[in-house]
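The data block below is input_6.pdb; it holds PDB, C-alpha atoms, pLDDT in the B column.
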ATOM      1  CA  MET A   1     165.826  41.646 138.037  1.00 78.00           C
ATOM      2  CA  GLU A   2     169.422  41.121 139.148  1.00 81.00           C
ATOM      3  CA  LYS A   3     169.828  44.857 139.751  1.00 85.00           C
ATOM      4  CA  VAL A   4     166.621  45.047 141.810  1.00 88.00           C
ATOM      5  CA  LEU A   5     167.808  42.190 144.040  1.00 87.00           C
ATOM      6  CA  GLN A   6     171.192  43.860 144.471  1.00 88.00           C
ATOM      7  CA  VAL A   7     169.609  47.155 145.500  1.00 90.00           C
ATOM      8  CA  ILE A   8     167.332  45.319 147.970  1.00 90.00           C
ATOM      9  CA  ALA A   9     170.375  43.549 149.468  1.00 88.00           C
ATOM     10  CA  LEU A  10     172.337  46.815 149.734  1.00 90.00           C
ATOM     11  CA  ILE A  11     169.529  48.710 151.487  1.00 92.00           C
ATOM     12  CA  ALA A  12     168.775  45.806 153.840  1.00 92.00           C
ATOM     13  CA  VAL A  13     172.417  45.429 154.878  1.00 91.00           C
ATOM     14  CA  ILE A  14     172.830  49.163 155.552  1.00 92.00           C
ATOM     15  CA  VAL A  15     169.599  49.486 157.564  1.00 93.00           C
ATOM     16  CA  GLY A  16     170.268  46.261 159.505  1.00 92.00           C
ATOM     17  CA  THR A  17     173.776  47.358 160.443  1.00 92.00           C
ATOM     18  CA  CYS A  18     172.377  50.703 161.655  1.00 92.00           C
ATOM     19  CA  PHE A  19     169.843  48.862 163.861  1.00 92.00           C
ATOM     20  CA  SER A  20     172.581  46.660 165.346  1.00 92.00           C
ATOM     21  CA  LEU A  21     174.819  49.682 165.987  1.00 92.00           C
ATOM     22  CA  ILE A  22     172.013  51.542 167.771  1.00 92.00           C
ATOM     23  CA  GLY A  23     171.293  48.448 169.890  1.00 91.00           C
ATOM     24  CA  VAL A  24     174.921  48.074 170.975  1.00 91.00           C
ATOM     25  CA  ILE A  25     175.227  51.819 171.718  1.00 92.00           C
ATOM     26  CA  GLY A  26     172.111  51.403 173.884  1.00 90.00           C
ATOM     27  CA  LEU A  27     173.728  48.454 175.678  1.00 89.00           C
ATOM     28  CA  VAL A  28     176.677  50.661 176.651  1.00 89.00           C
ATOM     29  CA  ARG A  29     174.842  53.918 177.399  1.00 89.00           C
ATOM     30  CA  LEU A  30     171.530  53.018 179.084  1.00 86.00           C
ATOM     31  CA  PRO A  31     171.341  53.024 182.897  1.00 85.00           C
ATOM     32  CA  ASP A  32     169.997  49.647 184.091  1.00 86.00           C
ATOM     33  CA  VAL A  33     169.341  46.050 183.057  1.00 87.00           C
ATOM     34  CA  PHE A  34     165.748  46.434 181.876  1.00 88.00           C
ATOM     35  CA  THR A  35     166.391  49.419 179.617  1.00 89.00           C
ATOM     36  CA  ARG A  36     169.486  47.695 178.206  1.00 89.00           C
ATOM     37  CA  LEU A  37     167.339  44.667 177.436  1.00 89.00           C
ATOM     38  CA  HIS A  38     164.967  46.960 175.557  1.00 89.00           C
ATOM     39  CA  ALA A  39     167.864  48.129 173.358  1.00 90.00           C
ATOM     40  CA  THR A  40     169.425  44.714 172.699  1.00 89.00           C
ATOM     41  CA  GLY A  41     166.104  43.141 171.728  1.00 87.00           C
ATOM     42  CA  LYS A  42     166.261  45.208 168.537  1.00 87.00           C
ATOM     43  CA  VAL A  43     169.556  43.605 167.467  1.00 87.00           C
ATOM     44  CA  GLY A  44     167.974  40.171 167.179  1.00 83.00           C
ATOM     45  CA  VAL A  45     164.624  41.089 165.708  1.00 88.00           C
ATOM     46  CA  TYR A  46     165.555  43.927 163.330  1.00 90.00           C
ATOM     47  CA  GLY A  47     169.328  43.772 162.695  1.00 89.00           C
ATOM     48  CA  VAL A  48     169.782  40.083 161.924  1.00 90.00           C
ATOM     49  CA  VAL A  49     166.405  39.752 160.179  1.00 91.00           C
ATOM     50  CA  LEU A  50     167.306  42.561 157.755  1.00 92.00           C
ATOM     51  CA  LEU A  51     170.667  40.895 157.077  1.00 90.00           C
ATOM     52  CA  LEU A  52     168.752  37.677 156.384  1.00 90.00           C
ATOM     53  CA  ILE A  53     166.474  39.495 153.938  1.00 90.00           C
ATOM     54  CA  ALA A  54     169.638  40.591 152.136  1.00 89.00           C
ATOM     55  CA  ALA A  55     170.848  36.988 152.188  1.00 88.00           C
ATOM     56  CA  ALA A  56     167.529  35.756 150.771  1.00 88.00           C
ATOM     57  CA  ALA A  57     167.786  38.294 147.939  1.00 87.00           C
ATOM     58  CA  TRP A  58     171.458  37.812 147.070  1.00 82.00           C
ATOM     59  CA  THR A  59     172.664  34.314 148.032  1.00 77.00           C
ATOM     60  CA  PRO A  60     171.757  31.607 145.469  1.00 74.00           C
ATOM     61  CA  LEU A  61     169.432  28.911 146.872  1.00 68.00           C
ATOM     62  CA  GLY A  62     169.650  30.410 150.369  1.00 71.00           C
ATOM     63  CA  TRP A  63     166.163  31.844 150.711  1.00 81.00           C
ATOM     64  CA  GLY A  64     164.601  28.758 152.332  1.00 85.00           C
ATOM     65  CA  ARG A  65     167.194  28.697 155.085  1.00 86.00           C
ATOM     66  CA  ALA A  66     166.922  32.461 155.497  1.00 86.00           C
ATOM     67  CA  LEU A  67     163.143  32.199 155.881  1.00 89.00           C
ATOM     68  CA  LEU A  68     163.520  29.409 158.481  1.00 89.00           C
ATOM     69  CA  LEU A  69     166.035  31.490 160.438  1.00 90.00           C
ATOM     70  CA  ILE A  70     163.780  34.583 160.285  1.00 90.00           C
ATOM     71  CA  VAL A  71     160.870  32.587 161.744  1.00 91.00           C
ATOM     72  CA  LEU A  72     163.158  31.104 164.420  1.00 90.00           C
ATOM     73  CA  LEU A  73     164.468  34.560 165.420  1.00 90.00           C
ATOM     74  CA  MET A  74     160.986  36.089 165.489  1.00 91.00           C
ATOM     75  CA  ILE A  75     159.839  33.357 167.897  1.00 91.00           C
ATOM     76  CA  THR A  76     162.887  33.090 170.169  1.00 91.00           C
ATOM     77  CA  GLY A  77     163.930  36.756 170.446  1.00 89.00           C
ATOM     78  CA  PRO A  78     161.018  38.110 172.522  1.00 91.00           C
ATOM     79  CA  VAL A  79     160.873  34.897 174.601  1.00 92.00           C
ATOM     80  CA  SER A  80     164.513  35.089 175.658  1.00 91.00           C
ATOM     81  CA  ALA A  81     164.257  38.831 176.384  1.00 91.00           C
ATOM     82  CA  HIS A  82     161.215  38.187 178.600  1.00 91.00           C
ATOM     83  CA  VAL A  83     162.992  35.320 180.396  1.00 91.00           C
ATOM     84  CA  ILE A  84     166.050  37.469 181.141  1.00 91.00           C
ATOM     85  CA  ALA A  85     163.882  40.343 182.423  1.00 90.00           C
ATOM     86  CA  SER A  86     161.873  37.979 184.611  1.00 89.00           C
ATOM     87  CA  ALA A  87     165.031  36.411 186.080  1.00 89.00           C
ATOM     88  CA  ALA A  88     166.571  39.848 186.674  1.00 88.00           C
ATOM     89  CA  TYR A  89     163.465  41.005 188.538  1.00 88.00           C
ATOM     90  CA  ARG A  90     163.394  37.767 190.540  1.00 86.00           C
ATOM     91  CA  VAL A  91     166.981  38.234 191.826  1.00 85.00           C
ATOM     92  CA  GLN A  92     166.141  41.892 192.613  1.00 81.00           C
ATOM     93  CA  VAL A  93     168.431  43.742 190.260  1.00 80.00           C
ATOM     94  CA  PRO A  94     168.046  47.423 191.206  1.00 80.00           C
ATOM     95  CA  LEU A  95     165.927  49.683 188.956  1.00 81.00           C
ATOM     96  CA  GLU A  96     167.438  53.047 188.053  1.00 79.00           C
ATOM     97  CA  GLN A  97     165.192  56.104 187.682  1.00 77.00           C
ATOM     98  CA  ALA A  98     162.022  54.023 188.023  1.00 75.00           C
ATOM     99  CA  ILE A  99     158.895  56.056 188.781  1.00 79.00           C
ATOM    100  CA  VAL A 100     156.506  53.210 189.614  1.00 79.00           C
ATOM    101  CA  ASP A 101     157.074  49.468 190.168  1.00 77.00           C
ATOM    102  CA  ASP A 102     153.802  47.657 189.512  1.00 76.00           C
ATOM    103  CA  LEU A 103     155.159  44.193 190.316  1.00 76.00           C
ATOM    104  CA  SER A 104     156.264  45.086 193.852  1.00 75.00           C
ATOM    105  CA  ALA A 105     152.631  45.698 194.862  1.00 70.00           C
ATOM    106  CA  ALA A 106     151.464  42.495 193.158  1.00 64.00           C
ATOM    107  CA  GLU A 107     154.118  40.250 194.731  1.00 58.00           C
ATOM    108  CA  PRO A 108     152.769  39.783 198.342  1.00 56.00           C
ATOM    109  CA  SER A 109     149.206  38.834 197.336  1.00 52.00           C
ATOM    110  CA  GLU A 110     150.591  36.188 194.981  1.00 48.00           C
ATOM    111  CA  THR A 111     152.677  34.318 197.570  1.00 45.00           C
TER     112      THR A 111
ATOM    113  CA  MET B   1     179.777  48.371 139.336  1.00 79.00           C
ATOM    114  CA  LEU B   2     176.930  47.641 141.742  1.00 82.00           C
ATOM    115  CA  THR B   3     178.565  44.320 142.633  1.00 84.00           C
ATOM    116  CA  SER B   4     181.725  46.036 143.857  1.00 87.00           C
ATOM    117  CA  VAL B   5     179.631  48.505 145.890  1.00 87.00           C
ATOM    118  CA  LEU B   6     177.861  45.505 147.448  1.00 87.00           C
ATOM    119  CA  THR B   7     181.170  43.816 148.295  1.00 89.00           C
ATOM    120  CA  VAL B   8     182.499  46.980 149.958  1.00 92.00           C
ATOM    121  CA  ALA B   9     179.252  47.409 151.941  1.00 90.00           C
ATOM    122  CA  PHE B  10     179.305  43.779 153.091  1.00 90.00           C
ATOM    123  CA  ASN B  11     182.929  44.049 154.234  1.00 93.00           C
ATOM    124  CA  ILE B  12     182.276  47.288 156.144  1.00 93.00           C
ATOM    125  CA  ALA B  13     179.240  45.669 157.810  1.00 92.00           C
ATOM    126  CA  LEU B  14     181.369  42.616 158.707  1.00 93.00           C
ATOM    127  CA  VAL B  15     184.017  44.789 160.382  1.00 94.00           C
ATOM    128  CA  LEU B  16     181.335  46.742 162.270  1.00 93.00           C
ATOM    129  CA  HIS B  17     179.704  43.539 163.542  1.00 93.00           C
ATOM    130  CA  ILE B  18     183.049  42.158 164.742  1.00 94.00           C
ATOM    131  CA  VAL B  19     183.660  45.438 166.612  1.00 94.00           C
ATOM    132  CA  MET B  20     180.192  45.086 168.164  1.00 92.00           C
ATOM    133  CA  VAL B  21     181.042  41.525 169.308  1.00 93.00           C
ATOM    134  CA  ALA B  22     184.116  42.998 171.027  1.00 93.00           C
ATOM    135  CA  VAL B  23     181.963  45.650 172.748  1.00 91.00           C
ATOM    136  CA  ALA B  24     179.564  42.960 174.006  1.00 91.00           C
ATOM    137  CA  ALA B  25     182.517  40.908 175.311  1.00 92.00           C
ATOM    138  CA  TRP B  26     183.781  44.002 177.156  1.00 91.00           C
ATOM    139  CA  ARG B  27     180.282  44.344 178.611  1.00 88.00           C
ATOM    140  CA  ILE B  28     180.472  40.756 179.955  1.00 90.00           C
ATOM    141  CA  TRP B  29     183.920  41.394 181.435  1.00 91.00           C
ATOM    142  CA  ARG B  30     182.947  44.698 183.120  1.00 86.00           C
ATOM    143  CA  GLY B  31     179.260  44.001 183.802  1.00 79.00           C
ATOM    144  CA  GLU B  32     177.559  45.506 186.836  1.00 82.00           C
ATOM    145  CA  ASN B  33     175.608  42.392 187.865  1.00 85.00           C
ATOM    146  CA  ILE B  34     174.802  38.920 186.649  1.00 87.00           C
ATOM    147  CA  ALA B  35     171.739  39.827 184.554  1.00 87.00           C
ATOM    148  CA  ASP B  36     173.885  42.374 182.717  1.00 89.00           C
ATOM    149  CA  ARG B  37     176.359  39.636 181.814  1.00 90.00           C
ATOM    150  CA  LEU B  38     173.522  37.380 180.678  1.00 90.00           C
ATOM    151  CA  ILE B  39     172.391  40.122 178.285  1.00 91.00           C
ATOM    152  CA  GLY B  40     175.955  40.231 176.958  1.00 90.00           C
ATOM    153  CA  VAL B  41     175.962  36.464 176.329  1.00 91.00           C
ATOM    154  CA  GLU B  42     172.686  36.654 174.422  1.00 91.00           C
ATOM    155  CA  LEU B  43     173.934  39.624 172.390  1.00 91.00           C
ATOM    156  CA  ILE B  44     177.171  37.819 171.459  1.00 92.00           C
ATOM    157  CA  THR B  45     175.159  34.844 170.183  1.00 92.00           C
ATOM    158  CA  THR B  46     172.962  37.106 168.046  1.00 92.00           C
ATOM    159  CA  LEU B  47     175.905  39.085 166.666  1.00 92.00           C
ATOM    160  CA  THR B  48     177.838  35.909 165.841  1.00 93.00           C
ATOM    161  CA  MET B  49     174.802  34.841 163.826  1.00 92.00           C
ATOM    162  CA  ALA B  50     174.955  38.176 161.995  1.00 92.00           C
ATOM    163  CA  VAL B  51     178.676  37.652 161.265  1.00 93.00           C
ATOM    164  CA  LEU B  52     177.929  34.190 159.832  1.00 92.00           C
ATOM    165  CA  VAL B  53     175.174  35.579 157.595  1.00 90.00           C
ATOM    166  CA  LEU B  54     177.522  38.310 156.360  1.00 90.00           C
ATOM    167  CA  LEU B  55     180.243  35.744 155.598  1.00 91.00           C
ATOM    168  CA  GLY B  56     177.673  33.804 153.589  1.00 88.00           C
ATOM    169  CA  LEU B  57     176.745  37.001 151.740  1.00 87.00           C
ATOM    170  CA  ILE B  58     180.379  37.823 150.918  1.00 88.00           C
ATOM    171  CA  GLN B  59     181.260  34.343 149.658  1.00 87.00           C
ATOM    172  CA  ARG B  60     177.760  33.791 148.122  1.00 84.00           C
ATOM    173  CA  ASP B  61     177.588  30.429 149.871  1.00 81.00           C
ATOM    174  CA  SER B  62     174.519  29.235 151.784  1.00 79.00           C
ATOM    175  CA  VAL B  63     176.401  26.734 153.988  1.00 86.00           C
ATOM    176  CA  TYR B  64     176.995  29.475 156.569  1.00 87.00           C
ATOM    177  CA  MET B  65     173.227  29.762 157.015  1.00 87.00           C
ATOM    178  CA  ASP B  66     173.080  26.163 158.326  1.00 88.00           C
ATOM    179  CA  ILE B  67     175.607  27.005 161.035  1.00 91.00           C
ATOM    180  CA  ALA B  68     173.585  30.127 161.878  1.00 90.00           C
ATOM    181  CA  ILE B  69     170.405  28.022 162.314  1.00 91.00           C
ATOM    182  CA  ALA B  70     172.217  25.648 164.687  1.00 92.00           C
ATOM    183  CA  LEU B  71     173.662  28.603 166.597  1.00 91.00           C
ATOM    184  CA  ALA B  72     170.216  30.205 166.936  1.00 90.00           C
ATOM    185  CA  ALA B  73     168.730  27.024 168.426  1.00 91.00           C
ATOM    186  CA  LEU B  74     171.670  26.456 170.780  1.00 92.00           C
ATOM    187  CA  GLY B  75     171.752  30.097 171.876  1.00 91.00           C
ATOM    188  CA  PHE B  76     168.049  30.076 172.702  1.00 91.00           C
ATOM    189  CA  VAL B  77     168.407  26.960 174.884  1.00 92.00           C
ATOM    190  CA  THR B  78     171.504  28.449 176.558  1.00 91.00           C
ATOM    191  CA  THR B  79     169.703  31.684 177.430  1.00 91.00           C
ATOM    192  CA  ILE B  80     166.649  29.881 178.815  1.00 92.00           C
ATOM    193  CA  ALA B  81     168.764  27.477 180.894  1.00 91.00           C
ATOM    194  CA  LEU B  82     171.007  30.221 182.333  1.00 90.00           C
ATOM    195  CA  ALA B  83     168.044  32.482 183.155  1.00 89.00           C
ATOM    196  CA  LYS B  84     166.181  29.639 184.872  1.00 90.00           C
ATOM    197  CA  TYR B  85     169.304  28.741 186.840  1.00 90.00           C
ATOM    198  CA  LEU B  86     169.667  32.396 187.824  1.00 87.00           C
ATOM    199  CA  ALA B  87     166.055  32.750 188.966  1.00 86.00           C
ATOM    200  CA  ASP B  88     165.425  29.377 190.671  1.00 86.00           C
ATOM    201  CA  GLU B  89     169.030  28.413 191.616  1.00 80.00           C
ATOM    202  CA  GLN B  90     168.430  24.973 190.106  1.00 81.00           C
ATOM    203  CA  LEU B  91     168.019  23.685 186.581  1.00 78.00           C
ATOM    204  CA  PHE B  92     165.275  21.068 186.852  1.00 75.00           C
TER     205      PHE B  92
END

Could you render the structure from this file as structure tokens?
Amino acid sequence: MEKVLQVIALIAVIVGTCFSLIGVIGLVRLPDVFTRLHATGKVGVYGVVLLLIAAAAWTPLGWGRALLLIVLLMITGPVSAHVIASAAYRVQVPLEQAIVDDLSAAEPSET
Amino acid sequence: MLTSVLTVAFNIALVLHIVMVAVAAWRIWRGENIADRLIGVELITTLTMAVLVLLGLIQRDSVYMDIAIALAALGFVTTIALAKYLADEQLF
């Protein structure tokens, strides 16, 4: 049982660190704000949640807190990403390599 | 045997996450516009949470998880408040 939990913790830490690394590489390499937001959303929802699964498997008595933090991250991660994207569109951050902008046609009829 | 492998993996992951915090801080310093810097702030909060969880894993102590919960709540409120201030130019 101890060995199974250790293997689960090892795999979760390695996969979570890979997710975080890919997200940060995307933050540096991608062209504009919205695509960068797409990359950094993965750090919160996959990277830290996998680390928390490792913590739930390996830390004594820590699984309740880890579960609470997983639920908190699952709720707040997409909300904050959406809020940042909405604010960035509102202050007219330029879009790079965009083919179609659906919101620009919808904006005049709304106001 | 497996315990020492776990300790080495946790320490390597800790170093990698601290390097990623530095990259996000560089992104705030040399950001292209204000939304870019806001993404950097949110990413630093998330990665600091990851560093706290890894410290708890290394020391096998669950007190770090409490700090991570508080940081998650505070970081969420910070992001919402800054984004609303950015979009509406007022807070309330």

Query raised in the report: Pick from B:Leu6, B:Ala72, B:Leu14, B:Ile67: nearest to Thr46 of chain B, with only C-alpha atoms counted?
Result: B:Ala72

Quick one: which residues from chain A are at most 6 Å off chain B, using all atoms listed in the file, as a PDB file with C-alpha atoms, keeping the file's coordinate frame?
ATOM      1  CA  VAL A  33     169.341  46.050 183.057  1.00 87.00           C
ATOM      2  CA  GLY A  44     167.974  40.171 167.179  1.00 83.00           C
ATOM      3  CA  VAL A  48     169.782  40.083 161.924  1.00 90.00           C
ATOM      4  CA  ALA A  55     170.848  36.988 152.188  1.00 88.00           C
ATOM      5  CA  THR A  59     172.664  34.314 148.032  1.00 77.00           C
ATOM      6  CA  GLY A  62     169.650  30.410 150.369  1.00 71.00           C
ATOM      7  CA  LEU A  69     166.035  31.490 160.438  1.00 90.00           C
ATOM      8  CA  ILE A  84     166.050  37.469 181.141  1.00 91.00           C
ATOM      9  CA  ALA A  87     165.031  36.411 186.080  1.00 89.00           C
ATOM     10  CA  ALA A  88     166.571  39.848 186.674  1.00 88.00           C
ATOM     11  CA  ARG A  90     163.394  37.767 190.540  1.00 86.00           C
TER      12      ARG A  90
END

**Report entry** For Gly47 of chain A, the nearest of the candidates A:Ile99, A:Ala81, A:Ile70, A:Asp32, counting all atoms listed in the file
**Finding:** A:Ile70

Query - Length of the atom CA of Tyr89 of chain A to atom CA of Val24 of chain A vector [Å] - result: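 It comes out at 22.1 Å.
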
Requested in this report: Rank A:Leu21, A:Ala9, A:Leu27, A:Met1 by their smallest atom-to-atom distance to Ala56 of chain A, using all atoms listed in the file, and report the top residue only.
Outcome: A:Ala9

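Taking atom CA of Ala98 of chain A as the reference point, atom CA of Ala85 of chain A is found at 14.9 Å.
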
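Distances from A:Thr17, A:Leu51, A:Leu37, A:Ala105 to Val41 of chain B were compared using only C-alpha atoms, and the smallest one belongs to A:Leu37.
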
Requested in this report: Rounded to one decimal place, report the atom CA of Gln97 of chain A-atom CA of Arg30 of chain B distance in Å.
Outcome: 21.6 Å

**Report entry** Near-Pro31 of chain A list (7 Å; only C-alpha atoms; drop same-chain fewer than 2 positions) as a ChimeraX atom specification
**Finding:** /A:29,35,96

So that all listed atoms of segment 57-63 of chain B fit with 4 Å spare on each side, what axis-aligned box centre and edge lengths in Å, to one decimal, would you give as JSON?
{"center_x": 177.9, "center_y": 32.3, "center_z": 151.1, "size_x": 14.7, "size_y": 19.1, "size_z": 13.9}

Requested in this report: Can you work out which one of A:Ala66, A:Val93, A:Val79, A:Trp58 has the shortest atom-to-atom distance to Val4 of chain A, counting only C-alpha atoms?
Outcome: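 That would be A:Trp58, the residue with the smallest distance to Val4 of chain A.
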
Some atoms are missing, so please complete segment 37-54 of chain B with N, CA and C atoms and return it as a CSV table (one decimal), keeping the file's coordinate frame.
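Output contents, as saved in selection_2.csv:
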chain,number,residue,atom,x,y,z
B,37,ARG,N,175.5,40.6,182.5
B,37,ARG,CA,176.4,39.6,181.8
B,37,ARG,C,175.6,38.7,181.0
B,38,LEU,N,174.4,38.3,181.5
B,38,LEU,CA,173.5,37.4,180.7
B,38,LEU,C,173.0,38.1,179.4
B,39,ILE,N,172.7,39.4,179.5
B,39,ILE,CA,172.4,40.1,178.3
B,39,ILE,C,173.6,40.1,177.3
B,40,GLY,N,174.8,40.3,177.8
B,40,GLY,CA,176.0,40.2,177.0
B,40,GLY,C,176.1,38.9,176.2
B,41,VAL,N,175.8,37.8,177.0
B,41,VAL,CA,176.0,36.5,176.3
B,41,VAL,C,175.0,36.3,175.2
B,42,GLU,N,173.7,36.8,175.5
B,42,GLU,CA,172.7,36.7,174.4
B,42,GLU,C,173.0,37.5,173.2
B,43,LEU,N,173.6,38.7,173.5
B,43,LEU,CA,173.9,39.6,172.4
B,43,LEU,C,175.1,39.1,171.6
B,44,ILE,N,176.1,38.4,172.2
B,44,ILE,CA,177.2,37.8,171.5
B,44,ILE,C,176.7,36.7,170.6
B,45,THR,N,175.7,35.9,171.0
B,45,THR,CA,175.2,34.8,170.2
B,45,THR,C,174.5,35.4,169.0
B,46,THR,N,173.7,36.5,169.2
B,46,THR,CA,173.0,37.1,168.0
B,46,THR,C,173.9,37.7,167.0
B,47,LEU,N,175.0,38.4,167.6
B,47,LEU,CA,175.9,39.1,166.7
B,47,LEU,C,176.8,38.1,165.9
B,48,THR,N,177.1,36.9,166.6
B,48,THR,CA,177.8,35.9,165.8
B,48,THR,C,177.0,35.4,164.7
B,49,MET,N,175.7,35.2,164.9
B,49,MET,CA,174.8,34.8,163.8
B,49,MET,C,174.9,35.8,162.7
B,50,ALA,N,174.9,37.1,163.0
B,50,ALA,CA,175.0,38.2,162.0
B,50,ALA,C,176.3,38.1,161.2
B,51,VAL,N,177.4,37.8,161.9
B,51,VAL,CA,178.7,37.7,161.3
B,51,VAL,C,178.7,36.5,160.3
B,52,LEU,N,178.0,35.4,160.7
B,52,LEU,CA,177.9,34.2,159.8
B,52,LEU,C,177.1,34.5,158.6
B,53,VAL,N,176.0,35.2,158.8
B,53,VAL,CA,175.2,35.6,157.6
B,53,VAL,C,175.9,36.5,156.6
B,54,LEU,N,176.7,37.4,157.2
B,54,LEU,CA,177.5,38.3,156.4
B,54,LEU,C,178.6,37.6,155.6
